[in-house]
Amino acid sequence: MTFHHHNPISFLLLGLLFGCITPACAFNIGGSRSGVVNPIELSRRDVLSKSIASAVLISLPTKAVSIESTTFLSGIASLQTGLSNDNIESGAALYVTCRPNRPDNVPRAILDGSRGKPPPVLAARFENPQFPFEFTLTTDNLTPEGASAVEGSDNIWWSGEDLIVSARLDSDGVAATRDPNDLVGRGFYSSKTQDAAMIELQGRGMFGKAVTSKK
């Protein structure tokens with residue numbers, strides 16, 4: 001599986017990002033022979049330069065990587081005591097996402113885009129599961145963020161990281177509709193032991209039910 005990377009960054013963009021070239025020099029806007037700068041044009045210039053800098057940040061850390069078919073982890077989702085498969089509506093779906101346990105190793109551009117929180121690197125949907133439910137997450141379940149590799153390496157950036165595995169049993173099978181009666185759970189995958197992640201699904205707490213009932 002091959003994931004495409006961004007086009008090379010020009011010297012001009014790098015100069016703008018790191019301050020080697022000022023926006024006025026690059027675009028020649030907002031200035032005059034007297035050296036007086038129009039405040040309105042200065043504002044436009046700042047917006048333009050910040051937009052270009054953001055684009056550069058997104059392009060810098062990652063590259064295309066070809067990944068052979070791989071199984072990254074396995075897990076078992078079970079129901080909380082007192083719940084059974086009889087409680088599950090027809091058409092329900094289990095959504096599973098995985099993200100690194102810590103943000104230390106996340107490429108800068110990806111971390112900025114996710115507001116400082118490690119992004120999901122694997123995601124999957126399983127329709128009409130019966131519990132206990134065993135699952136595996138493979139190359140086919142990589143997210144765009146999870147499929148990136150850091151420059152200078154042929155491995156995905158989160159290789160060898162411990163993962164937080166979150167699961168949600170959506171009662172109607174539609175991810176966008178979060179129901180107060182959905183079941184949720186979380187498990188941990190250790191890259192050292194590589195044991196199956198164990199997740200117990202249970203009802204939302206009072207706060208979770210209150211929030212989802214408003215949507």
# chains A, B, ... in the order shown; residues from 1 in each chain; ligands from 1

call {"tool": "residues_around", "arguments": {"residues": "Lys192 in chain A", "least_positions_apart": "5", "cutoff": "9 Å", "atoms": "only C-alpha atoms", "output": "ChimeraX atom specification"}}
result
/A:160-162

call {"tool": "write_last_selection", "arguments": {"atoms": "N, CA, C and O atoms", "output": "mmCIF file, in the first residue's frame"}}
result
data_model
loop_
_atom_site.group_PDB
_atom_site.id
_atom_site.type_symbol
_atom_site.label_atom_id
_atom_site.label_comp_id
_atom_site.auth_asym_id
_atom_site.auth_seq_id
_atom_site.Cartn_x
_atom_site.Cartn_y
_atom_site.Cartn_z
ATOM 1 N N GLY A 160 6.360 0.723 17.245
ATOM 2 C CA GLY A 160 6.932 0.437 18.561
ATOM 3 C C GLY A 160 6.290 1.183 19.714
ATOM 4 O O GLY A 160 6.721 1.031 20.867
ATOM 5 N N GLU A 161 5.249 1.968 19.442
ATOM 6 C CA GLU A 161 4.578 2.733 20.498
ATOM 7 C C GLU A 161 3.464 1.903 21.141
ATOM 8 O O GLU A 161 2.812 1.093 20.481
ATOM 9 N N ASP A 162 3.246 2.121 22.437
ATOM 10 C CA ASP A 162 2.078 1.552 23.098
ATOM 11 C C ASP A 162 0.839 2.318 22.613
ATOM 12 O O ASP A 162 0.915 3.515 22.317
#

call {"tool": "atom_distance", "arguments": {"atom1": "CA of Asn85 in chain A", "atom2": "CA of Leu183 in chain A"}}
result
12.2 Å

call {"tool": "atom_distance", "arguments": {"atom1": "CA of Thr138 in chain A", "atom2": "CA of Thr70 in chain A"}}
result
5.5 Å

call {"tool": "closest_residue", "arguments": {"among": "A:Ala92, A:Ala77, A:Ala124, A:Ala196", "to": "Leu163 in chain A", "atoms": "only C-alpha atoms"}}
result
A:Ala196

call {"tool": "closest_residue", "arguments": {"among": "A:Ser166, A:Ser159, A:Asn181, A:Ser148", "to": "Ile76 in chain A", "atoms": "only C-alpha atoms"}}
result
A:Ser166

call {"tool": "residues_around", "arguments": {"residues": "Gln202 in chain A", "least_positions_apart": "5", "cutoff": "10 Å", "atoms": "only C-alpha atoms", "output": "PyMOL selection string"}}
result
chain A and resi 78-83+168-169+181-186

call {"tool": "residues_around", "arguments": {"residues": "Pro100 in chain A", "least_positions_apart": "4", "cutoff": "10 Å", "atoms": "only C-alpha atoms", "output": "number ranges by chain"}}
result
A: 104-106, 117-122, 146, 158-165, 188-189

call {"tool": "select_by_dssp", "arguments": {"residues": "range 91-208 of chain A", "states": "strand (DSSP E or B)", "output": "ChimeraX atom specification"}}
result
/A:93-100,122-127,133-138,142,149-150,156,163-170,183-189,197-203

call {"tool": "atom_distance", "arguments": {"atom1": "CA of Glu68 in chain A", "atom2": "CA of Ile199 in chain A"}}
result
27.6 Å

call {"tool": "closest_residue", "arguments": {"among": "A:Pro180, A:Ser69, A:Gly91, A:Ala175", "to": "Glu127 in chain A", "atoms": "only C-alpha atoms"}}
result
A:Gly91

call {"tool": "closest_residue", "arguments": {"among": "A:Pro129, A:Asn87, A:Phe72, A:Arg102", "to": "Gly203 in chain A", "atoms": "only C-alpha atoms"}}
result
A:Asn87

call {"tool": "closest_residue", "arguments": {"among": "A:Gln130, A:Asp179, A:Gly75, A:Ala123", "to": "Pro144 in chain A", "atoms": "only C-alpha atoms"}}
result
A:Ala123
